[in-house]
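**Student:** Pasting a structure here, questions to come.
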Amino acid sequence: MSLLAIAEVVLSGSLVLALLVAMAKGRWALVLSGLVLLFPLWWYGAIALAAPDSWWSRRFYRGAKLKRARAYHDKWSRRFAE
């Protein structure tokens with residue numbers, strides 16, 4: 001197996017993993033944008049804070065992290081509502 005083939009498998013695998021994590025975090029705008037425009041947005045969706053009502057935040061966030069996720073979500077919700 002050539003180095004290029006290995007790189008393709010690793011890149012594809014990381015994109016699929018990032019897509020699944022972004023979906024679990026409820027980052028649907030990034031998932032759809034990645035499908036249509038730029039698939040590296042899935043990596044951002046995987047590392048960004050989850051939506052406060054997503055499966056990911058219910059499973060992994062407690063205390064300060066959940067409070068940060070709610071504040072972030074409220075800030076961006078207000079910004080786009082105006």
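Convention: chains lettered A, B, ... in structure tokens order; per-chain residue numbering from 1; ligands numbered from 1 as shown.
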Which residues come within 12 Å of Leu20 in chain A, counting only C-alpha atoms, excluding same-chain residues fewer than 2 positions away, as a PyMOL selection string?

**Tutor:** chain A and resi 13-18+22-28+30-31+42-43+45-47+55-56

**Student:** Restricted to C-alpha atoms, what would the selected residues look like written as a compact mmCIF listing (two decimals), in the first residue's frame?

**Tutor:**
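Output (result.txt):
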```txt
# COMPACT_ATOMS: atom_id res chain seq x y z
CA GLY A 13 -11.55 8.25 8.26
CA SER A 14 -10.94 11.46 10.17
CA LEU A 15 -13.58 13.27 8.10
CA VAL A 16 -16.18 10.56 8.74
CA LEU A 17 -15.37 10.61 12.47
CA ALA A 18 -15.59 14.42 12.54
CA ALA A 22 -20.54 17.09 14.70
CA MET A 23 -23.89 15.34 14.20
CA ALA A 24 -23.89 14.07 17.79
CA LYS A 25 -23.13 17.60 18.97
CA GLY A 26 -26.14 18.95 17.10
CA ARG A 27 -24.05 21.19 14.81
CA TRP A 28 -26.43 20.73 11.87
CA LEU A 30 -21.87 22.84 9.95
CA VAL A 31 -22.83 19.33 8.84
CA TRP A 42 -16.79 18.98 9.98
CA TRP A 43 -13.50 19.15 11.87
CA GLY A 45 -17.94 21.05 14.23
CA ALA A 46 -16.22 18.19 16.03
CA ILE A 47 -14.09 20.47 18.23
CA TRP A 55 -27.05 14.28 22.73
CA TRP A 56 -23.37 15.15 23.15
```

**Student:** Might you pull out every residue within 9 Å of range 70-74 of chain A, with only C-alpha atoms counted and same-chain residues fewer than 2 positions away left off, and present them as a CSV table (one decimal) with N, CA and C atoms, in the first residue's frame?

**Tutor:**
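Result went into result-v3.csv, see below:
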```csv
chain,number,residue,atom,x,y,z
A,49,LEU,N,-17.9,23.7,20.8
A,49,LEU,CA,-18.9,23.3,21.8
A,49,LEU,C,-20.2,22.8,21.2
A,50,ALA,N,-20.7,21.8,21.9
A,50,ALA,CA,-22.0,21.2,21.4
A,50,ALA,C,-23.2,22.2,21.7
A,51,ALA,N,-24.2,22.0,21.0
A,51,ALA,CA,-25.5,22.7,21.3
A,51,ALA,C,-26.0,22.2,22.6
A,52,PRO,N,-26.5,23.1,23.5
A,52,PRO,CA,-26.9,22.7,24.8
A,52,PRO,C,-27.9,21.6,24.9
A,53,ASP,N,-28.7,21.4,23.9
A,53,ASP,CA,-29.8,20.4,24.0
A,53,ASP,C,-29.4,19.1,23.1
A,65,LYS,N,-19.0,23.5,32.0
A,65,LYS,CA,-18.9,23.3,30.5
A,65,LYS,C,-20.3,23.5,29.9
A,66,LEU,N,-21.3,23.0,30.6
A,66,LEU,CA,-22.7,23.1,30.2
A,66,LEU,C,-23.1,24.6,30.2
A,67,LYS,N,-22.7,25.3,31.2
A,67,LYS,CA,-23.0,26.7,31.3
A,67,LYS,C,-22.3,27.5,30.2
A,68,ARG,N,-21.1,27.1,29.8
A,68,ARG,CA,-20.4,27.7,28.7
A,68,ARG,C,-21.1,27.5,27.4
A,76,TRP,N,-24.9,33.5,20.1
A,76,TRP,CA,-25.1,33.3,18.7
A,76,TRP,C,-26.5,33.4,18.3
A,77,SER,N,-27.4,32.9,19.1
A,77,SER,CA,-28.9,32.9,18.8
A,77,SER,C,-29.3,34.4,18.7
A,78,ARG,N,-28.9,35.2,19.7
A,78,ARG,CA,-29.2,36.6,19.7
A,78,ARG,C,-28.6,37.3,18.5
A,79,ARG,N,-27.4,37.0,18.2
A,79,ARG,CA,-26.7,37.7,17.1
A,79,ARG,C,-27.4,37.5,15.8
```

**Student:** So the first atom is CA of Val36 in chain A and the second is CA of Ser12 in chain A; what is the distance between them in Å, to one decimal place?

**Tutor:**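 Calculated distance between CA of Val36 in chain A and CA of Ser12 in chain A is 16.5 Å.
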
**Student:** How many Å lie between CA of Tyr44 in chain A and CA of Ser2 in chain A, rounded to one decimal?

**Tutor:** 28.8 Å

**Student:** As an exercise, work out the distance from CA of Lys75 in chain A to CA of Arg58 in chain A in Å and give it to one decimal place.

**Tutor:**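 Taking CA of Lys75 in chain A and CA of Arg58 in chain A, their separation equals 19.8 Å.
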